[in-house]
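**Student:** Handing over upload_30.pdb, PDB, C-alpha atoms, pLDDT in the B column.
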ATOM      1  CA  MET A  14    -124.285  38.209 -67.000  1.00 84.00           C
ATOM      2  CA  TYR A  15    -124.100  41.735 -68.402  1.00 89.00           C
ATOM      3  CA  LYS A  16    -123.758  43.456 -71.781  1.00 95.00           C
ATOM      4  CA  GLN A  17    -120.876  45.655 -72.839  1.00 95.00           C
ATOM      5  CA  LEU A  18    -120.262  47.742 -75.966  1.00 97.00           C
ATOM      6  CA  GLU A  19    -116.681  48.577 -76.886  1.00 97.00           C
ATOM      7  CA  TYR A  20    -115.039  50.054 -79.966  1.00 97.00           C
ATOM      8  CA  LEU A  21    -112.402  47.935 -81.645  1.00 97.00           C
ATOM      9  CA  ARG A  22    -111.609  50.865 -83.955  1.00 96.00           C
ATOM     10  CA  GLU A  23    -113.309  54.188 -84.550  1.00 97.00           C
ATOM     11  CA  ASN A  24    -113.055  56.102 -87.850  1.00 96.00           C
ATOM     12  CA  ASP A  25    -110.139  54.009 -89.028  1.00 97.00           C
ATOM     13  CA  THR A  26    -108.972  54.710 -92.582  1.00 97.00           C
ATOM     14  CA  MET A  27    -109.833  52.128 -95.245  1.00 96.00           C
ATOM     15  CA  ASP A  28    -107.978  52.016 -98.542  1.00 97.00           C
ATOM     16  CA  VAL A  29    -110.189  52.807-101.526  1.00 96.00           C
ATOM     17  CA  GLY A  30    -110.379  49.585-103.541  1.00 96.00           C
ATOM     18  CA  GLY A  31    -108.605  47.580-100.823  1.00 97.00           C
ATOM     19  CA  THR A  32    -109.174  45.293 -97.863  1.00 98.00           C
ATOM     20  CA  TYR A  33    -109.439  46.573 -94.302  1.00 98.00           C
ATOM     21  CA  GLU A  34    -108.128  44.055 -91.740  1.00 98.00           C
ATOM     22  CA  ARG A  35    -108.141  44.106 -87.946  1.00 98.00           C
ATOM     23  CA  ASP A  36    -107.531  41.445 -85.310  1.00 98.00           C
ATOM     24  CA  LEU A  37    -110.241  40.897 -82.717  1.00 98.00           C
ATOM     25  CA  PRO A  38    -109.353  40.455 -79.018  1.00 97.00           C
ATOM     26  CA  LEU A  39    -108.017  37.087 -77.859  1.00 96.00           C
ATOM     27  CA  SER A  40    -110.866  36.270 -75.471  1.00 96.00           C
ATOM     28  CA  GLY A  41    -114.473  37.054 -74.631  1.00 94.00           C
ATOM     29  CA  MET A  42    -117.965  36.037 -75.799  1.00 96.00           C
ATOM     30  CA  LEU A  43    -118.725  38.208 -78.808  1.00 97.00           C
ATOM     31  CA  SER A  44    -122.433  38.625 -79.554  1.00 97.00           C
ATOM     32  CA  ALA A  45    -122.117  40.914 -82.580  1.00 97.00           C
ATOM     33  CA  LEU A  46    -120.002  43.368 -84.522  1.00 98.00           C
ATOM     34  CA  HIS A  47    -121.503  46.676 -85.612  1.00 97.00           C
ATOM     35  CA  LEU A  48    -119.758  48.087 -88.668  1.00 98.00           C
ATOM     36  CA  LYS A  49    -120.138  51.756 -89.543  1.00 97.00           C
ATOM     37  CA  LEU A  50    -118.660  52.382 -92.982  1.00 97.00           C
ATOM     38  CA  THR A  51    -118.401  55.898 -94.396  1.00 96.00           C
ATOM     39  CA  GLY A  52    -117.241  57.187 -97.743  1.00 94.00           C
ATOM     40  CA  ALA A  53    -116.636  60.664 -99.114  1.00 92.00           C
ATOM     41  CA  ALA A  54    -118.361  60.464-102.505  1.00 89.00           C
ATOM     42  CA  VAL A  55    -116.866  62.344-105.436  1.00 89.00           C
ATOM     43  CA  SER A  56    -119.121  64.976-107.023  1.00 85.00           C
ATOM     44  CA  ASN A  57    -120.998  63.637-110.083  1.00 82.00           C
ATOM     45  CA  ALA A  58    -119.511  60.146-109.604  1.00 78.00           C
ATOM     46  CA  THR A  59    -122.822  58.447-110.334  1.00 76.00           C
ATOM     47  CA  ILE A  60    -124.222  60.815-112.929  1.00 76.00           C
ATOM     48  CA  ASP A  61    -123.964  58.104-115.618  1.00 76.00           C
ATOM     49  CA  GLY A  62    -125.455  55.364-113.425  1.00 75.00           C
ATOM     50  CA  GLY A  63    -123.694  52.318-112.032  1.00 77.00           C
ATOM     51  CA  PRO A  64    -123.104  51.544-108.363  1.00 85.00           C
ATOM     52  CA  TRP A  65    -124.228  54.674-106.539  1.00 83.00           C
ATOM     53  CA  ARG A  66    -124.484  53.514-102.912  1.00 88.00           C
ATOM     54  CA  LEU A  67    -121.580  52.669-100.621  1.00 93.00           C
ATOM     55  CA  ILE A  68    -123.131  49.218-100.007  1.00 94.00           C
ATOM     56  CA  ASP A  69    -122.750  48.508-103.754  1.00 93.00           C
ATOM     57  CA  HIS A  70    -118.974  48.748-103.305  1.00 95.00           C
ATOM     58  CA  ILE A  71    -118.678  46.434-100.256  1.00 97.00           C
ATOM     59  CA  SER A  72    -117.796  43.212-102.040  1.00 97.00           C
ATOM     60  CA  LYS A  73    -116.898  41.034 -99.053  1.00 98.00           C
ATOM     61  CA  ILE A  74    -117.103  41.059 -95.264  1.00 98.00           C
ATOM     62  CA  GLU A  75    -115.315  38.193 -93.542  1.00 98.00           C
ATOM     63  CA  VAL A  76    -114.665  37.004 -90.020  1.00 98.00           C
ATOM     64  CA  ILE A  77    -111.843  34.456 -90.156  1.00 98.00           C
ATOM     65  CA  ALA A  78    -110.506  32.363 -87.258  1.00 98.00           C
ATOM     66  CA  ASN A  79    -106.996  30.895 -87.141  1.00 97.00           C
ATOM     67  CA  GLY A  80    -106.242  32.167 -90.638  1.00 94.00           C
ATOM     68  CA  ALA A  81    -108.413  29.585 -92.435  1.00 94.00           C
ATOM     69  CA  THR A  82    -111.705  28.933 -90.607  1.00 97.00           C
ATOM     70  CA  ILE A  83    -114.393  31.123 -92.128  1.00 97.00           C
ATOM     71  CA  VAL A  84    -116.870  32.177 -89.455  1.00 98.00           C
ATOM     72  CA  LYS A  85    -118.729  34.615 -91.734  1.00 98.00           C
ATOM     73  CA  SER A  86    -118.253  35.565 -95.375  1.00 98.00           C
ATOM     74  CA  LEU A  87    -120.795  37.673 -97.238  1.00 97.00           C
ATOM     75  CA  SER A  88    -121.152  40.743 -99.420  1.00 97.00           C
ATOM     76  CA  GLY A  89    -122.445  44.057 -98.133  1.00 95.00           C
ATOM     77  CA  LYS A  90    -125.829  43.519 -99.778  1.00 94.00           C
ATOM     78  CA  GLU A  91    -126.104  40.006 -98.288  1.00 96.00           C
ATOM     79  CA  ALA A  92    -125.276  41.409 -94.838  1.00 95.00           C
ATOM     80  CA  GLN A  93    -127.926  44.082 -95.299  1.00 93.00           C
ATOM     81  CA  PHE A  94    -130.497  41.421 -96.240  1.00 94.00           C
ATOM     82  CA  LEU A  95    -129.593  39.309 -93.188  1.00 93.00           C
ATOM     83  CA  ASN A  96    -129.954  42.398 -90.989  1.00 91.00           C
ATOM     84  CA  TRP A  97    -133.469  42.859 -92.370  1.00 92.00           C
ATOM     85  CA  ARG A  98    -134.323  39.175 -91.784  1.00 91.00           C
ATOM     86  CA  ARG A  99    -132.847  38.845 -88.294  1.00 88.00           C
ATOM     87  CA  LEU A 100    -133.315  42.343 -86.866  1.00 85.00           C
ATOM     88  CA  HIS A 101    -136.615  42.991 -88.703  1.00 86.00           C
ATOM     89  CA  LYS A 102    -135.343  46.258 -90.155  1.00 84.00           C
ATOM     90  CA  VAL A 103    -132.621  47.552 -92.406  1.00 83.00           C
ATOM     91  CA  PRO A 104    -129.966  49.387 -90.369  1.00 84.00           C
ATOM     92  CA  PRO A 105    -129.538  53.128 -90.985  1.00 86.00           C
ATOM     93  CA  HIS A 106    -127.761  54.306 -94.104  1.00 89.00           C
ATOM     94  CA  TRP A 107    -127.237  57.508 -96.073  1.00 85.00           C
ATOM     95  CA  TRP A 108    -127.413  56.979 -99.815  1.00 79.00           C
ATOM     96  CA  ARG A 109    -127.155  60.508-101.154  1.00 75.00           C
ATOM     97  CA  ASN A 110    -125.686  60.664-104.642  1.00 70.00           C
ATOM     98  CA  TYR A 111    -125.705  64.370-105.388  1.00 73.00           C
ATOM     99  CA  ALA A 112    -122.655  66.659-105.295  1.00 74.00           C
ATOM    100  CA  THR A 113    -119.836  65.868-102.876  1.00 79.00           C
ATOM    101  CA  ASN A 114    -121.298  64.170 -99.804  1.00 85.00           C
ATOM    102  CA  THR A 115    -120.681  61.518 -97.196  1.00 89.00           C
ATOM    103  CA  GLN A 116    -122.315  58.140 -97.667  1.00 92.00           C
ATOM    104  CA  GLU A 117    -122.762  55.870 -94.655  1.00 95.00           C
ATOM    105  CA  GLU A 118    -123.705  52.239 -94.032  1.00 96.00           C
ATOM    106  CA  HIS A 119    -124.368  50.406 -90.765  1.00 96.00           C
ATOM    107  CA  ILE A 120    -124.062  46.617 -90.775  1.00 96.00           C
ATOM    108  CA  PHE A 121    -124.555  44.201 -87.886  1.00 95.00           C
ATOM    109  CA  LEU A 122    -122.861  40.803 -87.886  1.00 97.00           C
ATOM    110  CA  LEU A 123    -124.656  38.623 -85.332  1.00 95.00           C
ATOM    111  CA  PHE A 124    -122.954  35.524 -83.919  1.00 97.00           C
ATOM    112  CA  GLY A 125    -126.056  34.217 -82.174  1.00 94.00           C
ATOM    113  CA  ARG A 126    -129.724  33.905 -83.031  1.00 91.00           C
ATOM    114  CA  THR A 127    -130.391  37.439 -81.796  1.00 90.00           C
ATOM    115  CA  LEU A 128    -128.382  40.316 -80.388  1.00 91.00           C
ATOM    116  CA  PHE A 129    -127.064  39.313 -76.929  1.00 93.00           C
ATOM    117  CA  ASP A 130    -128.209  35.695 -77.318  1.00 93.00           C
ATOM    118  CA  PRO A 131    -127.264  34.078 -73.968  1.00 92.00           C
ATOM    119  CA  ASN A 132    -126.731  30.625 -75.544  1.00 92.00           C
ATOM    120  CA  TYR A 133    -124.792  31.372 -78.725  1.00 94.00           C
ATOM    121  CA  GLY A 134    -121.979  33.704 -79.671  1.00 95.00           C
ATOM    122  CA  LEU A 135    -118.403  33.714 -80.885  1.00 97.00           C
ATOM    123  CA  ASP A 136    -116.113  32.546 -78.072  1.00 96.00           C
ATOM    124  CA  LEU A 137    -112.829  34.165 -79.043  1.00 97.00           C
ATOM    125  CA  SER A 138    -110.831  32.166 -76.470  1.00 96.00           C
ATOM    126  CA  LYS A 139    -111.293  29.026 -78.617  1.00 97.00           C
ATOM    127  CA  TYR A 140    -109.105  30.474 -81.383  1.00 97.00           C
ATOM    128  CA  ASN A 141    -105.532  31.727 -81.599  1.00 97.00           C
ATOM    129  CA  ARG A 142    -106.472  34.617 -83.882  1.00 97.00           C
ATOM    130  CA  VAL A 143    -109.743  36.036 -85.235  1.00 98.00           C
ATOM    131  CA  GLN A 144    -109.807  38.763 -87.882  1.00 98.00           C
ATOM    132  CA  ILE A 145    -112.412  41.002 -89.464  1.00 98.00           C
ATOM    133  CA  LYS A 146    -111.809  41.780 -93.149  1.00 98.00           C
ATOM    134  CA  ILE A 147    -113.836  44.259 -95.201  1.00 98.00           C
ATOM    135  CA  THR A 148    -113.111  44.389 -98.934  1.00 98.00           C
ATOM    136  CA  ASN A 149    -114.370  47.237-101.092  1.00 97.00           C
ATOM    137  CA  SER A 150    -114.360  47.583-104.860  1.00 96.00           C
ATOM    138  CA  SER A 151    -114.622  51.352-104.957  1.00 95.00           C
ATOM    139  CA  THR A 152    -112.292  53.543-107.007  1.00 93.00           C
ATOM    140  CA  SER A 153    -111.116  57.136-106.728  1.00 92.00           C
ATOM    141  CA  SER A 154    -113.802  57.966-109.316  1.00 89.00           C
ATOM    142  CA  TYR A 155    -116.467  57.158-106.694  1.00 90.00           C
ATOM    143  CA  HIS A 156    -114.917  57.850-103.277  1.00 91.00           C
ATOM    144  CA  SER A 157    -112.045  60.085-102.253  1.00 92.00           C
ATOM    145  CA  ALA A 158    -111.806  58.470 -98.802  1.00 95.00           C
ATOM    146  CA  LEU A 159    -113.327  55.572 -96.844  1.00 97.00           C
ATOM    147  CA  SER A 160    -113.367  54.832 -93.122  1.00 97.00           C
ATOM    148  CA  ALA A 161    -114.577  52.059 -90.822  1.00 98.00           C
ATOM    149  CA  SER A 162    -115.695  51.946 -87.214  1.00 98.00           C
ATOM    150  CA  VAL A 163    -116.087  48.538 -85.551  1.00 98.00           C
ATOM    151  CA  MET A 164    -118.148  48.289 -82.359  1.00 98.00           C
ATOM    152  CA  GLN A 165    -118.032  45.024 -80.388  1.00 98.00           C
ATOM    153  CA  TYR A 166    -121.112  43.790 -78.521  1.00 98.00           C
ATOM    154  CA  TRP A 167    -119.995  41.557 -75.628  1.00 97.00           C
ATOM    155  CA  LEU A 168    -121.732  39.241 -73.187  1.00 93.00           C
ATOM    156  CA  ARG A 169    -119.703  39.253 -69.974  1.00 90.00           C
ATOM    157  CA  ASP A 170    -119.784  36.731 -67.112  1.00 85.00           C
ATOM    158  CA  VAL A 171    -121.967  34.357 -69.136  1.00 74.00           C
ATOM    159  CA  ASN A 172    -121.354  31.395 -66.840  1.00 70.00           C
ATOM    160  CA  GLY A 173    -121.077  33.426 -63.654  1.00 55.00           C
TER     161      GLY A 173
END
Now, as a test, write the supplied structure out as structure tokens.
**Tutor:**
Amino acid sequence: MYKQLEYLRENDTMDVGGTYERDLPLSGMLSALHLKLTGAAVSNATIDGGPWRLIDHISKIEVIANGATIVKSLSGKEAQFLNWRRLHKVPPHWWRNYATNTQEEHIFLLFGRTLFDPNYGLDLSKYNRVQIKITNSSTSSYHSALSASVMQYWLRDVNG
């Protein structure tokens, strides 16, 4: 058994106020997905208060199998809380809210008890199609552009 990290997508454009969707590979034992979300914040967007972090605009993260089976469904803040509970720390983030700047969030979606759990994971070969969907509620008043990078954490040769 060995571990492998592989990008599904890197710096892929997300629509502001839309849903980002990508299909996962058809086979393999997936231990986790590492999401890196970035947003170009508009200058003075949060001067009057309101949602000022990128995580405040991530309304839903879903992993869906066969079009209807929900494997994971949670908001950005819920994912951040689970990262704190399961990984014992909050993943890195940049929450600057001054001038024009880039905000960044890192989110881990674990499919086992821990990262690279040898007993549990998401076996993609058991499904015809598995998708990752990231929905954001941002507007052009907050972010001029958003992007997503999705890193896959694999366990290879689990039974070999």
**Student:** Find the residue from A:Ile83, A:Ala161, A:Ala54, A:Leu135 that sits nearest to A:Trp108; use only C-alpha atoms when measuring.
**Tutor:**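 Nearest to A:Trp108: A:Ala54.
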**Student:** Can you spell out as a PDB file with C-alpha atoms, keeping the file's coordinate frame the set of residues that the PyMOL selection byres ((chain A and resi 170) around 9) selects in the structure I just provided?
**Tutor:**
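Result file is part.pdb:
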ATOM      1  CA  MET A  14    -124.285  38.209 -67.000  1.00 84.00           C
ATOM      2  CA  TYR A  15    -124.100  41.735 -68.402  1.00 89.00           C
ATOM      3  CA  MET A  42    -117.965  36.037 -75.799  1.00 96.00           C
ATOM      4  CA  LEU A 168    -121.732  39.241 -73.187  1.00 93.00           C
ATOM      5  CA  ARG A 169    -119.703  39.253 -69.974  1.00 90.00           C
ATOM      6  CA  VAL A 171    -121.967  34.357 -69.136  1.00 74.00           C
ATOM      7  CA  ASN A 172    -121.354  31.395 -66.840  1.00 70.00           C
ATOM      8  CA  GLY A 173    -121.077  33.426 -63.654  1.00 55.00           C
TER       9      GLY A 173
END
**Student:** Quick one, how far is atom CA of A:Lys85 from atom CA of A:Gly52?
**Tutor:**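 Calculated distance between atom CA of A:Lys85 and atom CA of A:Gly52 is 23.4 Å.
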**Student:** Kindly indicate which residue among A:Pro105, A:Gly80, A:Gly31, A:Pro64 lies nearest to A:Val143, using only C-alpha atoms for the distances.
**Tutor:**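 For A:Val143, the nearest of the given residues is A:Gly80.
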**Student:** Carefully work through the PyMOL selection byres ((chain A and resi 155) around 10) for this structure and note down the residues it includes, as a ChimeraX atom specification.
**Tutor:** /A:29,52-59,64-67,70,150-154,156-158
**Student:** Can you turn the PyMOL selection byres ((chain A and resi 38) around 12) into a concrete residue list for this file, as JSON, numbers by chain?
**Tutor:** {"A": [19, 20, 21, 22, 35, 36, 37, 39, 40, 41, 42, 43, 78, 135, 136, 137, 138, 139, 140, 141, 142, 143, 144, 145, 165, 167]}
**Student:** May I ask for the distance between atom CA of A:Tyr166 and atom CA of A:His47, given in Å to one decimal place?
**Tutor:** 7.7 Å
**Student:** Between A:Met27, A:Leu100, A:Ile71, A:Ile60, which is the closest to A:Ser160 once you count all atoms listed in the file?
**Tutor:**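 The closest residue to A:Ser160 is A:Met27.
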**Student:** In Å, with one decimal, what is the gap from atom CA of A:Pro131 to atom CA of A:His106?
**Tutor:** 28.5 Å
**Student:** Determine, counting only C-alpha atoms, which protein, DNA and RNA residues have an atom within 12 Å of an atom of A:Arg98; residues of the same chain fewer than 6 positions away are not included. Present the result as a list of chain:residue names.
**Tutor:**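 The residues satisfying every condition are A:Glu91, A:Ala92, A:Pro104, A:Phe121, A:Leu123, A:Arg126, A:Thr127.
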**Student:** Which residue out of A:Ser86, A:Gln17, A:Ser44, A:Tyr111 has the minimum interatomic distance to A:Asn132 when all atoms listed in the file are used?
**Tutor:**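 Going through A:Ser86, A:Gln17, A:Ser44, A:Tyr111 one by one, the smallest distance to A:Asn132 is for A:Ser44.
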**Student:** When you look at A:Lys49 with a cut-off of 7 Å (counting all atoms listed in the file), what residues show up, excluding the ones that are within fewer than 5 positions of it in the same chain? I need them as a CSV table (one decimal) with C-alpha atoms, in the coordinates of the input.
**Tutor:**
chain,number,residue,atom,x,y,z
A,118,GLU,CA,-123.7,52.2,-94.0
A,119,HIS,CA,-124.4,50.4,-90.8
A,120,ILE,CA,-124.1,46.6,-90.8
A,161,ALA,CA,-114.6,52.1,-90.8
A,162,SER,CA,-115.7,51.9,-87.2
A,163,VAL,CA,-116.1,48.5,-85.6
**Student:** Taking into account only C-alpha atoms, which residue in the set A:Gly89, A:Asp25, A:Ala45, A:Arg109 is nearest to A:Phe124?
**Tutor:**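 Once distances to A:Phe124 are computed over only C-alpha atoms, the minimum belongs to A:Ala45.
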